[in-house]
file query_33.txt (compact mmCIF, C-alpha atoms)
# COMPACT_ATOMS: atom_id res chain seq x y z
CA ASP A 244 -11.30 3.66 -23.43
CA GLU A 245 -14.72 3.76 -21.75
CA PHE A 246 -13.24 5.65 -18.78
CA CYS A 247 -11.79 8.47 -20.94
CA LYS A 248 -14.51 11.10 -21.34
CA GLU A 249 -12.55 13.82 -23.17
CA VAL A 250 -9.05 15.01 -24.06
CA TYR A 251 -7.85 18.59 -23.60
CA THR A 252 -4.79 20.64 -22.64
CA ALA A 253 -4.81 22.51 -19.33
CA GLU A 254 -3.78 26.16 -19.47
CA GLU A 255 -2.39 26.28 -15.90
CA SER A 256 0.72 24.27 -15.05
CA THR A 257 1.86 23.18 -11.61
CA MET A 258 5.39 22.35 -12.78
CA PRO A 259 6.98 25.56 -11.38
CA MET A 260 5.58 24.59 -7.98
CA VAL A 261 6.89 21.03 -8.38
CA ALA A 262 10.34 22.32 -9.31
CA LYS A 263 10.37 24.56 -6.22
CA LEU A 264 9.35 21.64 -3.99
CA HIS A 265 12.14 19.52 -5.45
CA HIS A 266 14.65 22.33 -4.85
CA ASN A 267 13.62 22.63 -1.19
CA LEU A 268 13.79 18.85 -0.74
CA GLU A 269 17.31 18.85 -2.19
CA LEU A 270 18.34 21.52 0.33
CA MET A 271 16.99 19.33 3.15
CA ARG A 272 18.87 16.33 1.74
CA ALA A 273 22.12 18.28 1.54
CA ARG A 274 21.79 19.43 5.15
CA ALA A 275 21.01 15.87 6.26
CA ALA A 276 24.03 14.50 4.41
CA ASN A 277 26.29 17.03 6.12
CA SER A 278 24.83 16.54 9.60
CA GLY A 279 24.18 12.80 9.45
CA GLY A 280 20.51 13.32 10.28
CA ASP A 281 17.28 12.38 8.54
CA GLY A 282 16.46 13.73 5.13
CA PRO A 283 12.97 14.87 4.13
CA ARG A 284 10.17 12.47 5.04
CA LEU A 285 7.54 14.10 2.89
CA ALA A 286 3.89 13.03 2.82
CA VAL A 287 1.51 14.30 0.15
CA VAL A 288 -2.11 14.47 1.29
CA GLY A 289 -5.26 15.61 -0.46
CA PRO A 290 -8.75 14.66 -1.63
CA ALA A 291 -9.41 11.93 -4.17
CA THR A 292 -8.20 12.67 -7.74
CA SER A 293 -6.22 15.70 -6.60
CA GLY A 294 -2.92 14.52 -8.12
CA LYS A 295 -1.19 13.09 -5.02
CA SER A 296 0.29 10.04 -6.74
CA THR A 297 1.46 12.03 -9.77
CA LEU A 298 3.19 14.58 -7.54
CA VAL A 299 4.94 11.88 -5.49
CA ARG A 300 6.14 10.08 -8.60
CA THR A 301 7.34 13.30 -10.23
CA LEU A 302 9.30 14.29 -7.12
CA GLN A 303 10.81 10.82 -7.04
CA ALA A 304 11.80 11.05 -10.71
CA TYR A 305 13.51 14.40 -10.05
CA ALA A 306 15.31 12.95 -7.02
CA VAL A 307 16.60 9.97 -9.00
CA ARG A 308 17.87 12.27 -11.73
CA ALA A 309 19.75 14.16 -9.02
CA GLY A 310 21.43 10.93 -7.92
CA ARG A 311 19.24 10.31 -4.85
CA ARG A 312 17.43 7.14 -3.78
CA PRO A 313 14.40 8.20 -1.74
CA ILE A 314 12.23 5.36 -0.51
CA MET A 315 8.73 5.52 -1.98
CA VAL A 316 5.91 4.62 0.42
CA ASP A 317 2.32 4.04 -0.71
CA LEU A 318 -0.37 3.92 2.00
CA ASP A 319 -3.33 3.95 -0.41
CA VAL A 320 -5.04 0.58 0.05
CA ARG A 321 -7.53 1.25 -2.77
CA ILE A 322 -5.04 1.21 -5.66
CA ASN A 323 -1.53 0.63 -4.39
CA SER A 324 1.14 1.51 -6.95
CA ILE A 325 3.75 -0.79 -5.37
CA GLY A 326 1.73 -3.77 -4.15
CA LEU A 327 -1.86 -4.79 -4.85
CA PRO A 328 -5.12 -3.29 -3.61
CA GLY A 329 -5.43 -3.87 0.13
CA THR A 330 -1.74 -3.32 0.86
CA VAL A 331 0.66 -0.73 2.26
CA ALA A 332 4.12 -0.88 0.76
CA ALA A 333 7.54 0.67 0.28
CA ASP A 334 10.24 0.32 -2.34
CA LEU A 335 13.53 1.78 -3.53
CA PRO A 336 14.06 3.06 -7.07
CA THR A 337 16.70 1.09 -8.98
CA GLY A 338 17.12 3.68 -11.71
CA GLN A 339 15.31 6.45 -13.48
CA LEU A 340 11.58 5.96 -13.89
CA ASP A 341 10.42 4.87 -17.34
CA LEU A 342 8.14 7.64 -18.59
CA PHE A 343 6.93 5.42 -21.40
CA GLY A 344 6.76 2.07 -19.65
CA GLU A 345 4.81 -1.01 -20.56
CA SER A 346 1.71 0.48 -18.96
CA GLY A 347 1.91 3.49 -21.26
CA ASP A 348 2.12 5.81 -18.26
CA LEU A 349 4.66 6.99 -15.74
CA ASP A 350 5.92 3.53 -14.94
CA PHE A 351 7.20 2.52 -11.51
CA THR A 352 8.32 -1.09 -11.45
CA PRO A 353 9.04 -2.38 -7.93
CA ARG A 354 12.14 -4.60 -7.76
CA ASN A 355 12.25 -5.70 -4.14
CA PRO A 356 9.23 -4.14 -2.42
CA LEU A 357 8.28 -4.42 1.23
CA ILE A 358 4.53 -5.12 1.27
CA TYR A 359 2.03 -5.63 4.08
CA PHE A 360 -1.49 -6.91 3.42
CA SER A 361 -4.34 -5.24 5.31
CA GLY A 362 -7.01 -6.92 3.19
CA ALA A 363 -9.19 -3.78 3.31
CA GLU A 364 -10.42 -1.51 0.54
CA LYS A 365 -10.47 1.53 2.85
CA ILE A 366 -8.31 2.34 5.86
CA THR A 367 -11.42 2.76 8.04
CA GLU A 368 -12.57 -0.82 7.39
CA ASN A 369 -9.75 -2.14 9.53
CA ALA A 370 -8.20 0.98 11.05
CA LYS A 371 -6.34 -0.75 13.88
CA ARG A 372 -4.76 -3.25 11.50
CA PHE A 373 -3.78 -0.42 9.13
CA ARG A 374 -2.02 1.39 11.97
CA GLU A 375 -0.26 -1.80 13.09
CA LEU A 376 1.01 -2.58 9.60
CA THR A 377 2.14 0.98 8.97
CA ALA A 378 4.09 0.89 12.23
CA GLU A 379 5.71 -2.38 11.15
CA LEU A 380 6.50 -0.88 7.75
CA ALA A 381 8.07 2.16 9.43
CA LYS A 382 10.18 -0.04 11.70
CA ASN A 383 11.59 -1.96 8.73
CA ILE A 384 12.24 1.23 6.76
CA ASP A 385 14.23 2.61 9.69
CA ALA A 386 16.21 -0.63 9.90
CA ARG A 387 17.00 -0.44 6.19
CA MET A 388 18.16 3.14 6.55
CA GLN A 389 20.41 2.15 9.45
CA ALA A 390 21.94 -0.57 7.28
CA ASP A 391 22.48 1.76 4.29
CA ARG A 392 23.61 5.19 5.44
CA GLU A 393 23.04 6.73 1.99
CA LEU A 394 19.30 6.22 2.30
CA GLY A 395 18.80 8.42 5.37
CA PRO A 396 19.55 11.77 3.69
CA ALA A 397 17.46 10.80 0.63
CA GLY A 398 14.42 10.38 2.86
CA LEU A 399 10.90 9.19 2.10
CA LEU A 400 8.22 10.22 -0.38
CA ILE A 401 4.82 9.09 0.89
CA ASP A 402 1.61 8.74 -1.10
CA THR A 403 -1.51 8.66 1.06
CA PRO A 404 -5.14 7.52 0.89
CA PRO A 405 -7.65 10.15 -0.30
CA TRP A 406 -8.96 12.57 2.32
CA ALA A 407 -12.65 13.38 2.70
CA ALA A 408 -14.19 16.06 4.92
CA SER A 409 -16.87 13.61 6.09
CA ALA A 410 -14.39 10.93 7.18
CA SER A 411 -12.88 12.16 10.46
CA ALA A 412 -11.97 8.60 11.52
CA ALA A 413 -9.90 8.17 8.36
CA SER A 414 -8.09 11.45 9.04
CA LYS A 415 -7.18 10.37 12.57
CA THR A 416 -5.98 6.99 11.31
CA LEU A 417 -3.85 8.67 8.65
CA VAL A 418 -2.29 11.06 11.19
CA VAL A 419 -1.25 8.12 13.41
CA ALA A 420 0.24 6.34 10.38
CA LEU A 421 2.24 9.42 9.37
CA GLN A 422 3.50 9.81 12.93
CA SER A 423 4.74 6.19 12.79
CA LEU A 424 6.70 7.07 9.64
CA ARG A 425 8.17 10.12 11.45
CA VAL A 426 7.05 12.52 8.75
CA ASN A 427 8.87 15.87 8.92
CA ALA A 428 7.26 17.72 6.00
CA LEU A 429 3.77 17.78 4.50
CA VAL A 430 2.27 18.91 1.21
CA VAL A 431 -1.48 19.50 1.18
CA ILE A 432 -3.20 19.69 -2.18
CA ARG A 433 -6.04 22.12 -2.70
CA ASN A 434 -8.05 21.89 0.52
CA ASP A 435 -8.09 24.62 3.21
CA ARG A 436 -9.79 22.45 5.83
CA LEU A 437 -7.28 19.64 5.35
CA PHE A 438 -4.45 22.19 5.53
CA LYS A 439 -5.69 23.34 8.94
CA GLU A 440 -6.13 19.74 10.15
CA MET A 441 -2.56 18.90 9.23
CA LYS A 442 -1.20 22.11 10.80
CA ASP A 443 -3.03 21.25 14.03
CA ALA A 444 -1.94 17.59 13.97
CA PHE A 445 1.72 18.40 13.26
CA PRO A 446 2.53 21.68 15.07
CA GLY A 447 5.89 23.16 14.19
CA MET A 448 6.26 21.02 11.06
CA PRO A 449 6.54 22.60 7.59
CA VAL A 450 3.10 22.19 5.96
CA VAL A 451 2.75 23.59 2.44
CA LYS A 452 -0.51 24.00 0.56
CA VAL A 453 -0.32 23.73 -3.24
CA GLY A 454 -2.79 23.93 -6.09
CA GLN A 455 -3.74 21.08 -8.35
CA SER A 456 -3.18 20.62 -12.04
CA GLY A 457 -5.90 21.90 -14.33
CA GLY A 458 -5.65 18.66 -16.28
CA LEU A 459 -7.11 16.54 -13.50
CA VAL A 460 -10.61 15.10 -13.80
CA ASP A 461 -12.78 13.40 -11.21
CA ARG A 462 -12.59 9.62 -11.02
CA ASP A 463 -15.76 7.88 -9.92
CA GLU A 464 -16.00 4.67 -7.91
CA ALA A 465 -16.38 2.55 -11.06
CA ALA A 466 -13.08 3.90 -12.41
CA VAL A 467 -11.35 3.19 -9.08
CA LYS A 468 -12.59 -0.41 -9.09
CA HIS A 469 -11.48 -0.76 -12.71
CA LEU A 470 -7.96 0.41 -11.89
CA ALA A 471 -7.80 -1.84 -8.81
CA SER A 472 -8.85 -4.81 -10.93
CA ASP A 473 -6.17 -3.92 -13.48
CA ARG A 474 -3.50 -3.97 -10.76
CA ILE A 475 -4.47 -7.54 -9.88
CA LYS A 476 -4.69 -8.58 -13.52
CA TRP A 477 -1.21 -7.23 -14.26
CA TYR A 478 0.21 -9.09 -11.26
CA PHE A 479 -1.04 -12.48 -12.45
CA ASP A 480 -1.11 -12.06 -16.24
CA GLY A 481 1.45 -9.34 -16.89
CA ILE A 482 0.72 -5.91 -18.34
CA ARG A 483 0.72 -7.36 -21.85
CA GLY A 484 -0.68 -10.75 -20.91
CA GLN A 485 2.77 -12.31 -21.24
CA LEU A 486 2.61 -14.30 -17.98
CA SER A 487 0.96 -17.70 -17.45
CA PRO A 488 -0.28 -18.36 -13.91
CA VAL A 489 -0.35 -21.99 -12.76
CA ARG A 490 -3.11 -23.74 -10.83
CA GLU A 491 -2.48 -26.00 -7.88
CA THR A 492 -4.78 -27.58 -5.29
CA PHE A 493 -4.04 -27.43 -1.55
CA VAL A 494 -5.74 -28.96 1.47
CA LEU A 495 -6.63 -26.41 4.16
CA GLY A 496 -5.07 -27.24 7.53
CA LYS A 497 -2.48 -29.54 5.94
CA ASP A 498 -0.83 -27.81 2.98
CA LEU A 499 -1.66 -24.27 4.09
CA PHE A 500 -3.27 -22.21 6.86
CA ILE A 501 -5.47 -19.17 6.23
CA TYR A 502 -6.00 -16.29 8.66
CA GLN A 503 -8.31 -13.31 8.48
CA ALA A 504 -6.65 -9.97 7.84
CA ARG A 505 -7.53 -8.31 11.11
CA SER A 506 -5.96 -7.56 14.48
CA ALA A 507 -5.62 -10.29 17.06
CA VAL A 508 -8.64 -10.86 19.28
CA VAL A 509 -8.22 -10.92 23.05
CA ALA A 510 -10.38 -13.51 24.76
CA ASP A 511 -13.08 -12.20 27.11
CA ALA A 512 -11.86 -11.89 30.72
CA ALA A 513 -14.54 -14.33 31.92
CA LEU A 514 -13.24 -16.97 29.50
CA ARG A 515 -9.54 -16.66 30.32
CA PRO A 516 -7.92 -18.99 32.86
CA ILE A 517 -7.28 -17.42 36.27
CA GLY A 518 -4.02 -15.51 36.27
CA SER A 519 -3.62 -15.60 32.48
CA ASP A 520 -2.09 -12.68 30.63
CA GLU A 521 -4.17 -10.85 28.01
CA VAL A 522 -1.29 -10.85 25.54
CA ALA A 523 -0.92 -14.61 25.81
CA GLU A 524 -4.60 -14.99 25.02
CA GLU A 525 -4.49 -13.04 21.76
CA LYS A 526 -5.71 -15.15 18.88
CA ILE A 527 -5.54 -14.44 15.17
CA PRO A 528 -8.84 -15.42 13.52
CA GLN A 529 -8.19 -18.56 11.49
CA ILE A 530 -10.32 -20.19 8.80
CA ILE A 531 -10.64 -23.88 9.62
CA VAL A 532 -12.97 -25.10 6.86
CA VAL A 533 -13.26 -23.82 3.30
CA ASP A 534 -16.22 -21.70 2.35
CA LYS A 535 -17.58 -20.50 -0.98
CA LYS A 536 -16.90 -16.92 0.17
CA LEU A 537 -13.20 -17.61 -0.38
CA GLU A 538 -13.67 -18.00 -4.13
CA SER A 539 -12.25 -15.13 -6.22
CA SER A 540 -10.38 -13.83 -3.16
CA VAL A 541 -6.82 -12.55 -3.34
CA LEU A 542 -4.71 -14.09 -0.54
CA ALA A 543 -1.34 -12.84 0.67
CA VAL A 544 1.39 -15.46 1.14
CA LEU A 545 3.37 -14.37 4.18
CA HIS A 546 7.05 -14.46 5.04
CA ALA A 547 6.16 -16.45 8.16
CA SER A 548 7.38 -19.76 9.57
CA SER A 549 4.84 -20.02 12.40
CA GLU A 550 1.49 -18.64 13.51
CA ASP A 551 3.29 -16.33 15.96
CA GLU A 552 4.70 -14.38 13.00
CA VAL A 553 1.43 -13.91 11.10
CA LEU A 554 0.52 -10.57 12.71
CA THR A 555 3.76 -8.84 11.73
CA ALA A 556 4.92 -10.74 8.63
CA ASN A 557 5.15 -9.01 5.28
CA ALA A 558 3.85 -10.53 2.06
CA ALA A 559 6.04 -12.73 -0.10
CA GLY A 560 3.46 -12.66 -2.89
CA PHE A 561 -0.19 -13.24 -3.71
CA VAL A 562 -2.43 -16.03 -4.95
CA LEU A 563 -5.99 -16.13 -6.25
CA VAL A 564 -8.63 -18.61 -5.09
CA GLU A 565 -10.08 -20.14 -8.26
CA SER A 566 -12.43 -22.61 -6.55
CA VAL A 567 -12.98 -24.51 -3.31
CA SER A 568 -14.04 -28.08 -2.58
CA ILE A 569 -16.06 -28.38 0.59
CA ALA A 570 -16.00 -32.19 0.38
CA ASP A 571 -12.24 -32.51 0.89
CA ASN A 572 -11.62 -29.06 2.45
CA SER A 573 -9.33 -27.95 -0.39
CA LEU A 574 -8.72 -24.89 -2.52
CA THR A 575 -7.54 -24.54 -6.09
CA LEU A 576 -5.25 -21.53 -6.28
CA SER A 577 -3.86 -19.54 -9.17
CA LEU A 578 -0.16 -18.89 -8.55
CA PRO A 579 1.77 -16.23 -10.50
CA CYS A 580 4.64 -18.68 -11.11
CA PRO A 581 5.36 -22.40 -10.69
CA GLY A 582 7.16 -23.77 -7.66
CA GLY A 583 4.42 -23.96 -5.07
CA LEU A 584 3.89 -21.67 -2.11
CA LYS A 585 6.81 -19.99 -0.36
CA SER A 586 5.01 -20.33 2.97
CA LYS A 587 2.09 -22.24 4.46
CA TYR A 588 0.71 -19.11 6.11
CA LEU A 589 -1.75 -17.01 4.11
CA VAL A 590 -4.01 -14.05 4.91
CA TYR A 591 -7.53 -13.46 3.63
CA GLY A 592 -9.31 -10.09 3.39
CA LYS A 593 -11.91 -8.30 1.30
CA ILE A 594 -9.95 -8.05 -1.94
CA LYS A 595 -11.69 -9.87 -4.78
CA TYR A 596 -10.93 -10.40 -8.46
CA PHE A 597 -13.65 -11.70 -10.77
CA GLU A 598 -12.18 -11.34 -14.25
CA HIS A 599 -10.73 -14.86 -14.06
CA LEU A 600 -14.23 -16.38 -14.15

call {"tool": "encode", "arguments": {"input": "query_33.txt", "output": "structure tokens"}}
result
Amino acid sequence: DEFCKEVYTAEESTMPMVAKLHHNLELMRARAANSGGDGPRLAVVGPATSGKSTLVRTLQAYAVRAGRRPIMVDLDVRINSIGLPGTVAADLPTGQLDLFGESGDLDFTPRNPLIYFSGAEKITENAKRFRELTAELAKNIDARMQADRELGPAGLLIDTPPWAASASAASKTLVVALQSLRVNALVVIRNDRLFKEMKDAFPGMPVVKVGQSGGLVDRDEAAVKHLASDRIKWYFDGIRGQLSPVRETFVLGKDLFIYQARSAVVADAALRPIGSDEVAEEKIPQIIVVDKKLESSVLAVLHASSEDEVLTANAAGFVLVESVSIADNSLTLSLPCPGGLKSKYLVYGKIKYFEHL
């Protein structure tokens, strides 16, 4: 593999720390089950390539072995382990994680995920939209927990976007997102400054700083893009190339409607009718005519039946724009399975996939 520089065995292990974290989480779950309250809503935060995702998955594997069903939440829009790049998502485990799955790694296969498409590669690219979608995700998680009382004590395990000391806007956006999810415990990996930021942002909350595994290596931007591309490839072609996407052509404005993945825009006060309400004037940016910029874009197909639902609708699935025809205002899409689109309402962002060319 061109992205594997060397192979070695780390002398220091973080597994005793992981086992202690799991033990403390189980104590919180037991207390919640007895009192009828919330279980641990744990978020793991840290710099890039610090082992956040591995820690979250390991804690989830331990919880499942103990007979729990914690909801896994992934807020990392770069490489989302539940949805595709550009999404925030949540899912329930249906059984023990496959340590030797089809991907050859710790395999988490979503069965019925709840996915929202932000269309951004970083949370700061569309921070307001990220906060809106995380709030919507949190609302639906709470509703699911109300419907299934066993889920409340099991709690949440939340993977987060990478933290950087130079990105204060990203930190503020992340804090708001974690507040929406009603986080009640935090694990900070490696960084003293981040530890202080989280202690200040969540006063009175348990915030634990842990070390990172000695087996971790830095992952550059090229490796991140490679992994993001693989996520899209696996969605359409299968991990082993066993799937066969189908191509269909749709006329924009007739067969489907495409909106930009951003927050609604409020019309300027001078342009609104006298006495109009700002909320009533909110418009979701819509693409009326096809453009070459749409080619190779990943679009989210929404669970929406009208334009009014576009802002808050979750994704039913994804399609890839193979080509566009400006002459007849149509798009040829690659669909992961036959049967047409589940909805006429689609969202477009910055997520691209070029390996199909």

call {"tool": "axis_aligned_box", "arguments": {"input": "query_33.txt", "around": "stretch 361-375 of chain A", "padding_each_side": "3 Å", "output": "AutoDock Vina command-line options"}}
result
--center_x -6.4 --center_y -2.1 --center_z 7.2 --size_x 18.3 --size_y 15.7 --size_z 19.3

call {"tool": "residues_around", "arguments": {"input": "query_33.txt", "residues": "stretch 487-493 of chain A", "least_positions_apart": "6", "cutoff": "10 Å", "atoms": "only C-alpha atoms", "output": "list of chain:residue names"}}
result
A:Tyr478, A:Phe479, A:Asp480, A:Gly481, A:Leu499, A:Phe500, A:Val562, A:Leu563, A:Val564, A:Glu565, A:Ser566, A:Val567, A:Ser568, A:Asp571, A:Asn572, A:Ser573, A:Leu574, A:Thr575, A:Leu576, A:Ser577, A:Leu578, A:Pro579, A:Cys580, A:Pro581, A:Gly582, A:Gly583, A:Leu584

call {"tool": "residues_around", "arguments": {"input": "query_33.txt", "residues": "A:Pro396", "least_positions_apart": "5", "cutoff": "9 Å", "atoms": "only C-alpha atoms", "output": "JSON, numbers by chain"}}
result
{"A": [271, 272, 273, 274, 275, 276, 277, 279, 280, 281, 282, 283, 311, 313]}

call {"tool": "residues_around", "arguments": {"input": "query_33.txt", "residues": "A:Thr330", "least_positions_apart": "6", "cutoff": "8 Å", "atoms": "only C-alpha atoms", "output": "PDB file with C-alpha atoms, in the coordinates of the input"}}
result
ATOM      1  CA  LEU A 318      -0.370   3.920   2.000  1.00  0.00           C
ATOM      2  CA  ASP A 319      -3.330   3.950  -0.410  1.00  0.00           C
ATOM      3  CA  VAL A 320      -5.040   0.580   0.050  1.00  0.00           C
ATOM      4  CA  ASN A 323      -1.530   0.630  -4.390  1.00  0.00           C
ATOM      5  CA  ILE A 358       4.530  -5.120   1.270  1.00  0.00           C
ATOM      6  CA  TYR A 359       2.030  -5.630   4.080  1.00  0.00           C
ATOM      7  CA  PHE A 360      -1.490  -6.910   3.420  1.00  0.00           C
ATOM      8  CA  SER A 361      -4.340  -5.240   5.310  1.00  0.00           C
ATOM      9  CA  GLY A 362      -7.010  -6.920   3.190  1.00  0.00           C
ATOM     10  CA  ALA A 363      -9.190  -3.780   3.310  1.00  0.00           C
TER      11      ALA A 363
END

call {"tool": "atom_distance", "arguments": {"input": "query_33.txt", "atom1": "atom CA of A:Val287", "atom2": "atom CA of A:Ala471"}}
result
20.7 Å

call {"tool": "closest_residue", "arguments": {"input": "query_33.txt", "among": "A:Gly329, A:Pro259, A:Gly310, A:Gly289", "to": "A:Leu376", "atoms": "all atoms listed in the file"}}
result
A:Gly329

call {"tool": "atom_distance", "arguments": {"input": "query_33.txt", "atom1": "atom CA of A:Ala378", "atom2": "atom CA of A:Ala420"}}
result
6.9 Å

call {"tool": "closest_residue", "arguments": {"input": "query_33.txt", "among": "A:Leu424, A:Asp551, A:Arg433, A:Ala412", "to": "A:Gly457", "atoms": "all atoms listed in the file"}}
result
A:Arg433

call {"tool": "atom_distance", "arguments": {"input": "query_33.txt", "atom1": "atom CA of A:Ile569", "atom2": "atom CA of A:Val533"}}
result
6.0 Å

call {"tool": "residues_around", "arguments": {"input": "query_33.txt", "residues": "A:Leu437", "least_positions_apart": "6", "cutoff": "10 Å", "atoms": "all atoms listed in the file", "output": "count of residues only"}}
result
10

call {"tool": "closest_residue", "arguments": {"input": "query_33.txt", "among": "A:Ile322, A:Val250, A:Val430, A:Val331", "to": "A:His265", "atoms": "all atoms listed in the file"}}
result
A:Val430

call {"tool": "residues_around", "arguments": {"input": "query_33.txt", "residues": "A:Arg284", "least_positions_apart": "3", "cutoff": "7 Å", "atoms": "only C-alpha atoms", "output": "list of chain:residue names"}}
result
A:Gly398, A:Leu399, A:Leu400, A:Val426, A:Asn427, A:Ala428

call {"tool": "closest_residue", "arguments": {"input": "query_33.txt", "among": "A:Glu464, A:Lys442, A:Arg387, A:Thr377", "to": "A:Leu421", "atoms": "only C-alpha atoms"}}
result
A:Thr377

call {"tool": "closest_residue", "arguments": {"input": "query_33.txt", "among": "A:Arg505, A:Arg425, A:Lys536, A:Lys587", "to": "A:Glu375", "atoms": "all atoms listed in the file"}}
result
A:Arg505

call {"tool": "closest_residue", "arguments": {"input": "query_33.txt", "among": "A:Leu394, A:Ala558, A:Ala333, A:Met441", "to": "A:Lys415", "atoms": "all atoms listed in the file"}}
result
A:Met441

call {"tool": "build_atoms", "arguments": {"input": "query_33.txt", "residues": "stretch 316-331 of chain A", "atoms": "N, CA and C atoms", "output": "mmCIF file, keeping the file's coordinate frame"}}
result
data_model
loop_
_atom_site.group_PDB
_atom_site.id
_atom_site.type_symbol
_atom_site.label_atom_id
_atom_site.label_comp_id
_atom_site.auth_asym_id
_atom_site.auth_seq_id
_atom_site.Cartn_x
_atom_site.Cartn_y
_atom_site.Cartn_z
ATOM 1 N N VAL A 316 6.870 5.301 -0.439
ATOM 2 C CA VAL A 316 5.910 4.620 0.420
ATOM 3 C C VAL A 316 4.508 4.898 -0.114
ATOM 4 N N ASP A 317 3.703 3.864 -0.254
ATOM 5 C CA ASP A 317 2.320 4.040 -0.710
ATOM 6 C C ASP A 317 1.386 3.456 0.343
ATOM 7 N N LEU A 318 0.574 4.331 0.948
ATOM 8 C CA LEU A 318 -0.370 3.920 2.000
ATOM 9 C C LEU A 318 -1.798 3.813 1.463
ATOM 10 N N ASP A 319 -1.991 3.995 0.168
ATOM 11 C CA ASP A 319 -3.330 3.950 -0.410
ATOM 12 C C ASP A 319 -3.744 2.504 -0.656
ATOM 13 N N VAL A 320 -4.639 1.989 0.178
ATOM 14 C CA VAL A 320 -5.040 0.580 0.050
ATOM 15 C C VAL A 320 -6.023 0.361 -1.085
ATOM 16 N N ARG A 321 -6.572 1.434 -1.673
ATOM 17 C CA ARG A 321 -7.530 1.250 -2.770
ATOM 18 C C ARG A 321 -6.821 0.780 -4.037
ATOM 19 N N ILE A 322 -5.809 1.537 -4.454
ATOM 20 C CA ILE A 322 -5.040 1.210 -5.660
ATOM 21 C C ILE A 322 -3.577 1.441 -5.309
ATOM 22 N N ASN A 323 -2.907 0.443 -4.826
ATOM 23 C CA ASN A 323 -1.530 0.630 -4.390
ATOM 24 C C ASN A 323 -0.590 0.508 -5.587
ATOM 25 N N SER A 324 0.272 1.493 -5.774
ATOM 26 C CA SER A 324 1.140 1.510 -6.950
ATOM 27 C C SER A 324 2.350 0.597 -6.812
ATOM 28 N N ILE A 325 2.607 0.097 -5.601
ATOM 29 C CA ILE A 325 3.750 -0.790 -5.370
ATOM 30 C C ILE A 325 3.284 -2.234 -5.201
ATOM 31 N N GLY A 326 2.278 -2.438 -4.352
ATOM 32 C CA GLY A 326 1.730 -3.770 -4.150
ATOM 33 C C GLY A 326 0.421 -3.936 -4.896
ATOM 34 N N LEU A 327 -0.530 -4.601 -4.278
ATOM 35 C CA LEU A 327 -1.860 -4.790 -4.850
ATOM 36 C C LEU A 327 -2.864 -4.018 -3.995
ATOM 37 N N PRO A 328 -4.091 -3.876 -4.461
ATOM 38 C CA PRO A 328 -5.120 -3.290 -3.610
ATOM 39 C C PRO A 328 -5.193 -4.029 -2.267
ATOM 40 N N GLY A 329 -5.381 -3.265 -1.198
ATOM 41 C CA GLY A 329 -5.430 -3.870 0.130
ATOM 42 C C GLY A 329 -4.087 -3.929 0.817
ATOM 43 N N THR A 330 -3.075 -3.257 0.272
ATOM 44 C CA THR A 330 -1.740 -3.320 0.860
ATOM 45 C C THR A 330 -1.204 -1.935 1.181
ATOM 46 N N VAL A 331 -0.212 -1.897 2.074
ATOM 47 C CA VAL A 331 0.660 -0.730 2.260
ATOM 48 C C VAL A 331 2.062 -1.220 1.934
#
